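Shown next: run37.txt, containing compact mmCIF, N, CA and C atoms.
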```txt
# COMPACT_ATOMS: atom_id res chain seq x y z
N MET S 1 -14.31 4.77 -23.90
CA MET S 1 -14.08 4.22 -22.57
C MET S 1 -15.10 3.11 -22.32
N ASN S 2 -14.68 2.07 -21.70
CA ASN S 2 -15.52 0.93 -21.34
C ASN S 2 -16.70 1.41 -20.48
N GLU S 3 -17.88 0.86 -20.70
CA GLU S 3 -19.09 1.26 -19.97
C GLU S 3 -18.94 1.06 -18.46
N VAL S 4 -18.34 -0.05 -18.05
CA VAL S 4 -18.18 -0.32 -16.62
C VAL S 4 -17.25 0.72 -15.99
N ILE S 5 -16.17 1.04 -16.68
CA ILE S 5 -15.22 2.04 -16.17
C ILE S 5 -15.90 3.40 -16.07
N ARG S 6 -16.72 3.73 -17.07
CA ARG S 6 -17.44 5.00 -17.04
C ARG S 6 -18.36 5.07 -15.82
N ARG S 7 -19.05 3.95 -15.53
CA ARG S 7 -19.94 3.93 -14.37
C ARG S 7 -19.15 4.00 -13.06
N MET S 8 -17.96 3.37 -13.03
CA MET S 8 -17.11 3.47 -11.84
C MET S 8 -16.70 4.91 -11.61
N ALA S 9 -16.29 5.58 -12.67
CA ALA S 9 -15.89 6.99 -12.56
C ALA S 9 -17.07 7.85 -12.10
N GLU S 10 -18.26 7.58 -12.63
CA GLU S 10 -19.45 8.33 -12.21
C GLU S 10 -19.73 8.10 -10.73
N SER S 11 -19.56 6.88 -10.27
CA SER S 11 -19.77 6.58 -8.85
C SER S 11 -18.80 7.37 -7.98
N LEU S 12 -17.53 7.40 -8.40
CA LEU S 12 -16.53 8.15 -7.64
C LEU S 12 -16.84 9.64 -7.65
N ARG S 13 -17.25 10.17 -8.79
CA ARG S 13 -17.61 11.59 -8.87
C ARG S 13 -18.81 11.91 -7.99
N ALA S 14 -19.71 10.94 -7.83
CA ALA S 14 -20.91 11.15 -7.01
C ALA S 14 -20.61 11.03 -5.51
N GLY S 15 -19.35 10.72 -5.17
CA GLY S 15 -18.98 10.63 -3.77
C GLY S 15 -18.87 9.22 -3.23
N ALA S 16 -19.02 8.21 -4.07
CA ALA S 16 -18.91 6.82 -3.62
C ALA S 16 -17.46 6.51 -3.26
N THR S 17 -17.29 5.51 -2.43
CA THR S 17 -15.97 5.02 -2.04
C THR S 17 -15.77 3.64 -2.63
N MET S 18 -14.62 3.43 -3.26
CA MET S 18 -14.31 2.08 -3.75
C MET S 18 -13.78 1.29 -2.56
N LEU S 19 -14.36 0.13 -2.33
CA LEU S 19 -14.02 -0.70 -1.18
C LEU S 19 -12.94 -1.72 -1.53
N PRO S 20 -12.26 -2.25 -0.52
CA PRO S 20 -11.26 -3.28 -0.78
C PRO S 20 -11.88 -4.66 -0.97
N ASP S 21 -13.21 -4.74 -1.00
CA ASP S 21 -13.92 -6.01 -1.13
C ASP S 21 -14.34 -6.25 -2.58
N ASN S 22 -14.48 -7.53 -2.94
CA ASN S 22 -14.94 -7.92 -4.27
C ASN S 22 -16.43 -8.23 -4.25
N CYS S 23 -17.06 -8.04 -5.38
CA CYS S 23 -18.45 -8.42 -5.56
C CYS S 23 -18.55 -9.94 -5.44
N PRO S 24 -19.52 -10.44 -4.67
CA PRO S 24 -19.67 -11.89 -4.55
C PRO S 24 -20.18 -12.56 -5.82
N VAL S 25 -20.69 -11.77 -6.77
CA VAL S 25 -21.23 -12.33 -8.01
C VAL S 25 -20.19 -12.32 -9.13
N CYS S 26 -19.55 -11.16 -9.37
CA CYS S 26 -18.66 -11.05 -10.54
C CYS S 26 -17.21 -10.74 -10.19
N ASN S 27 -16.91 -10.58 -8.89
CA ASN S 27 -15.55 -10.37 -8.41
C ASN S 27 -14.97 -9.00 -8.75
N SER S 28 -15.79 -8.05 -9.17
CA SER S 28 -15.33 -6.68 -9.43
C SER S 28 -15.28 -5.91 -8.12
N PRO S 29 -14.58 -4.78 -8.09
CA PRO S 29 -14.54 -3.97 -6.86
C PRO S 29 -15.93 -3.47 -6.49
N LEU S 30 -16.19 -3.43 -5.19
CA LEU S 30 -17.46 -2.89 -4.69
C LEU S 30 -17.31 -1.42 -4.36
N PHE S 31 -18.44 -0.70 -4.41
CA PHE S 31 -18.49 0.72 -4.08
C PHE S 31 -19.52 0.92 -2.98
N ARG S 32 -19.34 1.99 -2.20
CA ARG S 32 -20.30 2.32 -1.15
C ARG S 32 -20.70 3.78 -1.30
N LEU S 33 -22.03 4.01 -1.25
CA LEU S 33 -22.57 5.36 -1.29
C LEU S 33 -23.85 5.37 -0.47
N LYS S 34 -23.93 6.29 0.47
CA LYS S 34 -25.14 6.47 1.30
C LYS S 34 -25.61 5.15 1.91
N ASN S 35 -24.74 4.50 2.66
CA ASN S 35 -25.06 3.26 3.38
C ASN S 35 -25.48 2.10 2.49
N LYS S 36 -25.09 2.14 1.22
CA LYS S 36 -25.41 1.06 0.30
C LYS S 36 -24.11 0.60 -0.37
N THR S 37 -23.87 -0.68 -0.37
CA THR S 37 -22.73 -1.26 -1.07
C THR S 37 -23.25 -1.86 -2.36
N TYR S 38 -22.55 -1.61 -3.46
CA TYR S 38 -23.04 -2.09 -4.75
C TYR S 38 -21.89 -2.35 -5.72
N CYS S 39 -22.21 -3.10 -6.77
CA CYS S 39 -21.26 -3.41 -7.84
C CYS S 39 -21.74 -2.71 -9.11
N VAL S 40 -20.87 -1.89 -9.71
CA VAL S 40 -21.27 -1.19 -10.93
C VAL S 40 -21.27 -2.12 -12.15
N LYS S 41 -20.56 -3.23 -12.07
CA LYS S 41 -20.48 -4.14 -13.22
C LYS S 41 -21.74 -4.99 -13.38
N CYS S 42 -22.18 -5.65 -12.29
CA CYS S 42 -23.31 -6.58 -12.42
C CYS S 42 -24.58 -6.08 -11.72
N GLY S 43 -24.47 -5.01 -10.93
CA GLY S 43 -25.65 -4.46 -10.28
C GLY S 43 -25.97 -5.03 -8.91
N TRP S 44 -25.15 -5.96 -8.41
CA TRP S 44 -25.39 -6.53 -7.08
C TRP S 44 -25.35 -5.40 -6.06
N SER S 45 -26.21 -5.48 -5.03
CA SER S 45 -26.18 -4.47 -3.97
C SER S 45 -26.65 -5.06 -2.66
N SER S 46 -26.27 -4.39 -1.58
CA SER S 46 -26.65 -4.81 -0.25
C SER S 46 -26.80 -3.57 0.62
N ALA S 47 -27.94 -3.44 1.27
CA ALA S 47 -28.13 -2.30 2.17
C ALA S 47 -27.25 -2.49 3.40
N LEU S 48 -26.67 -1.41 3.85
CA LEU S 48 -25.81 -1.45 5.03
C LEU S 48 -26.54 -0.87 6.23
N THR S 49 -26.08 -1.24 7.41
CA THR S 49 -26.59 -0.62 8.61
C THR S 49 -26.12 0.82 8.64
N PRO S 50 -27.01 1.76 8.82
CA PRO S 50 -26.57 3.16 8.82
C PRO S 50 -25.51 3.40 9.89
N ALA S 51 -24.48 4.10 9.49
CA ALA S 51 -23.41 4.47 10.42
C ALA S 51 -23.61 5.91 10.83
N PRO S 52 -23.07 6.29 12.00
CA PRO S 52 -23.19 7.68 12.40
C PRO S 52 -22.52 8.57 11.37
N THR S 53 -23.14 9.68 11.07
CA THR S 53 -22.56 10.59 10.08
C THR S 53 -21.57 11.50 10.76
N SER S 54 -20.31 11.26 10.46
CA SER S 54 -19.27 12.11 11.02
C SER S 54 -18.48 12.78 9.91
N GLY S 55 -18.78 12.41 8.67
CA GLY S 55 -18.06 12.96 7.53
C GLY S 55 -18.69 14.24 7.04
N PRO S 56 -18.11 14.82 6.02
CA PRO S 56 -18.63 16.07 5.47
C PRO S 56 -19.93 15.84 4.72
N PRO S 57 -20.72 16.87 4.52
CA PRO S 57 -21.95 16.74 3.75
C PRO S 57 -21.64 16.34 2.30
N ALA S 58 -22.66 15.88 1.59
CA ALA S 58 -22.47 15.35 0.24
C ALA S 58 -21.81 16.37 -0.70
N SER S 59 -22.20 17.65 -0.61
CA SER S 59 -21.60 18.64 -1.50
C SER S 59 -20.11 18.80 -1.22
N SER S 60 -19.70 18.68 0.02
CA SER S 60 -18.28 18.75 0.35
C SER S 60 -17.55 17.51 -0.14
N GLN S 61 -18.24 16.37 -0.17
CA GLN S 61 -17.61 15.15 -0.67
C GLN S 61 -17.23 15.31 -2.12
N MET S 62 -18.08 15.95 -2.89
CA MET S 62 -17.75 16.19 -4.29
C MET S 62 -16.51 17.06 -4.41
N ASN S 63 -16.41 18.06 -3.54
CA ASN S 63 -15.26 18.96 -3.58
C ASN S 63 -13.99 18.29 -3.10
N SER S 64 -14.10 17.24 -2.30
CA SER S 64 -12.91 16.58 -1.77
C SER S 64 -12.49 15.35 -2.56
N LEU S 65 -13.08 15.15 -3.73
CA LEU S 65 -12.75 13.98 -4.54
C LEU S 65 -11.26 13.92 -4.85
N LYS S 66 -10.68 15.04 -5.23
CA LYS S 66 -9.25 15.05 -5.55
C LYS S 66 -8.41 14.62 -4.35
N ALA S 67 -8.84 14.98 -3.15
CA ALA S 67 -8.10 14.59 -1.95
C ALA S 67 -8.19 13.08 -1.71
N MET S 68 -9.24 12.45 -2.22
CA MET S 68 -9.42 11.01 -2.04
C MET S 68 -8.67 10.18 -3.07
N ILE S 69 -8.30 10.78 -4.18
CA ILE S 69 -7.68 10.04 -5.28
C ILE S 69 -6.44 9.27 -4.84
N PRO S 70 -5.52 9.86 -4.05
CA PRO S 70 -4.35 9.07 -3.64
C PRO S 70 -4.72 7.82 -2.83
N GLN S 71 -5.69 7.92 -1.96
CA GLN S 71 -6.12 6.77 -1.15
C GLN S 71 -6.76 5.70 -2.03
N ILE S 72 -7.60 6.12 -2.96
CA ILE S 72 -8.24 5.16 -3.86
C ILE S 72 -7.19 4.50 -4.75
N THR S 73 -6.26 5.30 -5.23
CA THR S 73 -5.18 4.76 -6.05
C THR S 73 -4.39 3.71 -5.29
N SER S 74 -4.10 4.00 -4.03
CA SER S 74 -3.37 3.06 -3.19
C SER S 74 -4.15 1.76 -3.02
N THR S 75 -5.45 1.85 -2.83
CA THR S 75 -6.29 0.67 -2.68
C THR S 75 -6.26 -0.17 -3.96
N VAL S 76 -6.38 0.49 -5.10
CA VAL S 76 -6.36 -0.22 -6.39
C VAL S 76 -5.01 -0.90 -6.59
N LEU S 77 -3.92 -0.21 -6.28
CA LEU S 77 -2.59 -0.80 -6.43
C LEU S 77 -2.41 -2.01 -5.51
N ASP S 78 -2.91 -1.92 -4.29
CA ASP S 78 -2.85 -3.06 -3.37
C ASP S 78 -3.62 -4.26 -3.94
N ARG S 79 -4.79 -3.99 -4.50
CA ARG S 79 -5.59 -5.05 -5.10
C ARG S 79 -4.85 -5.70 -6.26
N LEU S 80 -4.19 -4.87 -7.08
CA LEU S 80 -3.43 -5.40 -8.21
C LEU S 80 -2.29 -6.30 -7.75
N LYS S 81 -1.62 -5.91 -6.68
CA LYS S 81 -0.52 -6.73 -6.15
C LYS S 81 -1.04 -8.09 -5.68
N LYS S 82 -2.19 -8.10 -5.00
CA LYS S 82 -2.78 -9.36 -4.54
C LYS S 82 -3.19 -10.24 -5.72
N LEU S 83 -3.75 -9.61 -6.74
CA LEU S 83 -4.15 -10.37 -7.92
C LEU S 83 -2.94 -10.94 -8.65
N GLU S 84 -1.85 -10.19 -8.68
CA GLU S 84 -0.64 -10.67 -9.34
C GLU S 84 -0.15 -11.96 -8.69
N VAL S 85 -0.19 -12.00 -7.36
CA VAL S 85 0.21 -13.22 -6.65
C VAL S 85 -0.73 -14.36 -6.98
N GLU S 86 -2.03 -14.08 -6.99
CA GLU S 86 -3.02 -15.12 -7.27
C GLU S 86 -2.89 -15.64 -8.71
N VAL S 87 -2.61 -14.74 -9.66
CA VAL S 87 -2.43 -15.15 -11.05
C VAL S 87 -1.25 -16.11 -11.17
N GLY S 88 -0.18 -15.82 -10.44
CA GLY S 88 1.01 -16.67 -10.47
C GLY S 88 0.77 -18.07 -9.93
N LYS S 89 -0.24 -18.23 -9.08
CA LYS S 89 -0.54 -19.52 -8.46
C LYS S 89 -1.67 -20.28 -9.16
N THR S 90 -2.30 -19.66 -10.15
CA THR S 90 -3.51 -20.23 -10.74
C THR S 90 -3.21 -21.02 -12.02
N PRO S 91 -3.40 -22.34 -11.98
CA PRO S 91 -3.20 -23.13 -13.19
C PRO S 91 -4.47 -23.21 -14.06
N ASP S 92 -5.63 -22.91 -13.47
CA ASP S 92 -6.91 -23.03 -14.16
C ASP S 92 -7.07 -21.89 -15.18
N PRO S 93 -7.19 -22.19 -16.47
CA PRO S 93 -7.29 -21.13 -17.48
C PRO S 93 -8.55 -20.28 -17.35
N VAL S 94 -9.65 -20.85 -16.89
CA VAL S 94 -10.87 -20.07 -16.72
C VAL S 94 -10.70 -19.06 -15.59
N LYS S 95 -10.15 -19.51 -14.47
CA LYS S 95 -9.90 -18.62 -13.34
C LYS S 95 -8.87 -17.55 -13.73
N LEU S 96 -7.87 -17.95 -14.51
CA LEU S 96 -6.85 -17.02 -14.97
C LEU S 96 -7.47 -15.92 -15.84
N ALA S 97 -8.40 -16.30 -16.69
CA ALA S 97 -9.09 -15.32 -17.53
C ALA S 97 -9.90 -14.34 -16.68
N GLN S 98 -10.57 -14.86 -15.64
CA GLN S 98 -11.36 -13.99 -14.75
C GLN S 98 -10.44 -13.02 -14.01
N LEU S 99 -9.34 -13.53 -13.50
CA LEU S 99 -8.39 -12.68 -12.78
C LEU S 99 -7.79 -11.63 -13.70
N SER S 100 -7.49 -12.03 -14.92
CA SER S 100 -6.93 -11.09 -15.89
C SER S 100 -7.93 -9.98 -16.22
N GLU S 101 -9.19 -10.35 -16.34
CA GLU S 101 -10.23 -9.34 -16.60
C GLU S 101 -10.34 -8.35 -15.43
N LEU S 102 -10.27 -8.87 -14.22
CA LEU S 102 -10.32 -8.00 -13.05
C LEU S 102 -9.10 -7.08 -13.00
N MET S 103 -7.93 -7.62 -13.33
CA MET S 103 -6.72 -6.80 -13.36
C MET S 103 -6.86 -5.68 -14.40
N LEU S 104 -7.40 -6.01 -15.55
CA LEU S 104 -7.60 -5.00 -16.59
C LEU S 104 -8.56 -3.92 -16.11
N THR S 105 -9.62 -4.32 -15.43
CA THR S 105 -10.58 -3.35 -14.88
C THR S 105 -9.89 -2.41 -13.89
N LEU S 106 -9.07 -2.98 -13.01
CA LEU S 106 -8.36 -2.15 -12.03
C LEU S 106 -7.37 -1.20 -12.71
N LEU S 107 -6.72 -1.66 -13.76
CA LEU S 107 -5.80 -0.79 -14.50
C LEU S 107 -6.55 0.36 -15.17
N LYS S 108 -7.74 0.07 -15.67
CA LYS S 108 -8.56 1.13 -16.27
C LYS S 108 -9.03 2.12 -15.21
N ILE S 109 -9.32 1.63 -14.01
CA ILE S 109 -9.69 2.52 -12.91
C ILE S 109 -8.52 3.45 -12.59
N LEU S 110 -7.31 2.91 -12.58
CA LEU S 110 -6.13 3.76 -12.35
C LEU S 110 -6.04 4.85 -13.40
N GLU S 111 -6.32 4.49 -14.64
CA GLU S 111 -6.29 5.48 -15.73
C GLU S 111 -7.32 6.59 -15.50
N VAL S 112 -8.52 6.20 -15.07
CA VAL S 112 -9.56 7.18 -14.78
C VAL S 112 -9.14 8.07 -13.61
N LEU S 113 -8.56 7.47 -12.59
CA LEU S 113 -8.11 8.26 -11.44
C LEU S 113 -7.05 9.27 -11.84
N GLN S 114 -6.15 8.87 -12.74
CA GLN S 114 -5.13 9.81 -13.21
C GLN S 114 -5.79 10.97 -13.95
N CYS S 115 -6.78 10.69 -14.76
CA CYS S 115 -7.49 11.76 -15.48
C CYS S 115 -8.21 12.68 -14.50
N LEU S 116 -8.85 12.11 -13.49
CA LEU S 116 -9.55 12.93 -12.50
C LEU S 116 -8.58 13.79 -11.72
N GLY S 117 -7.39 13.25 -11.44
CA GLY S 117 -6.38 14.00 -10.70
C GLY S 117 -5.83 15.18 -11.48
N LYS S 118 -5.86 15.08 -12.80
CA LYS S 118 -5.34 16.15 -13.66
C LYS S 118 -6.37 17.23 -13.93
N SER S 119 -7.65 16.90 -13.75
CA SER S 119 -8.70 17.88 -14.08
C SER S 119 -8.92 18.88 -12.99
```
Take the structure in the file and write it out as structure tokens.
Amino acid sequence: MNEVIRRMAESLRAGATMLPDNCPVCNSPLFRLKNKTYCVKCGWSSALTPAPTSGPPASSQMNSLKAMIPQITSTVLDRLKKLEVEVGKTPDPVKLAQLSELMLTLLKILEVLQCLGKS
């Protein structure tokens, strides 16, 4: 398994949320854990303003990972649809290669989510 995908899966197992936003440095999906937004691919991060804690404690988050898989899957599929449109409009081969790499990363995330859902 690709190192980046492995780290994404580890982040999800640790209770992180995959965000609908892209990393400003490498354009990979961003993750949020404990008021910190970060990119598992390039290491970019940004501290967030603490939000009121209304969610379950961290140990419960681990137990509810399977319940989150459909929502995360939906987010990844939405991102893929947006990328598909952008790929169709992009004549620049360099940009096309970057978009293709991001699409491949998202497809690998879907594969990891399917494995997590079966376990």
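One finds CA of Thr105 (chain S) at 13.5 Å from CA of Glu84 (chain S).
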**Q.** All strand (DSSP E) residues (DSSP, backbone) inside chain S, as a ChimeraX atom specification
**A.** /S:17-22,29-33,36-38,45-47
(Q) Taking only chain S into account, list the residues labelled alpha helix (DSSP H) by DSSP (computed from the backbone), as a ChimeraX atom specification. (A) /S:3-13,58-63,65-89,93-118
Q: Could you give me, as a PyMOL selection string, the residues within 6.5 Å of Leu30 (chain S), counting all atoms listed in the file and dropping anything in the same chain fewer than 2 positions from it?
A: chain S and resi 17-23+28+32+37-40
Q. Which residues come within 8 Å of Val112 (chain S), counting all atoms listed in the file, excluding same-chain residues fewer than 5 positions away, as a list in words?
A.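 Final neighbour list, sorted by chain and number: Ile5, Ala9, Leu106, Leu107, Gly117 and Lys118 of chain S.
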Q: Provide the CA of Val87 (chain S) to CA of Arg7 (chain S) distance in Å, to one decimal place.
A: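 Between CA of Val87 (chain S) and CA of Arg7 (chain S) the gap works out to 26.1 Å.
The spacing separating atom N of Cys26 (chain S) from CA of Gln71 (chain S) amounts to 23.9 Å.
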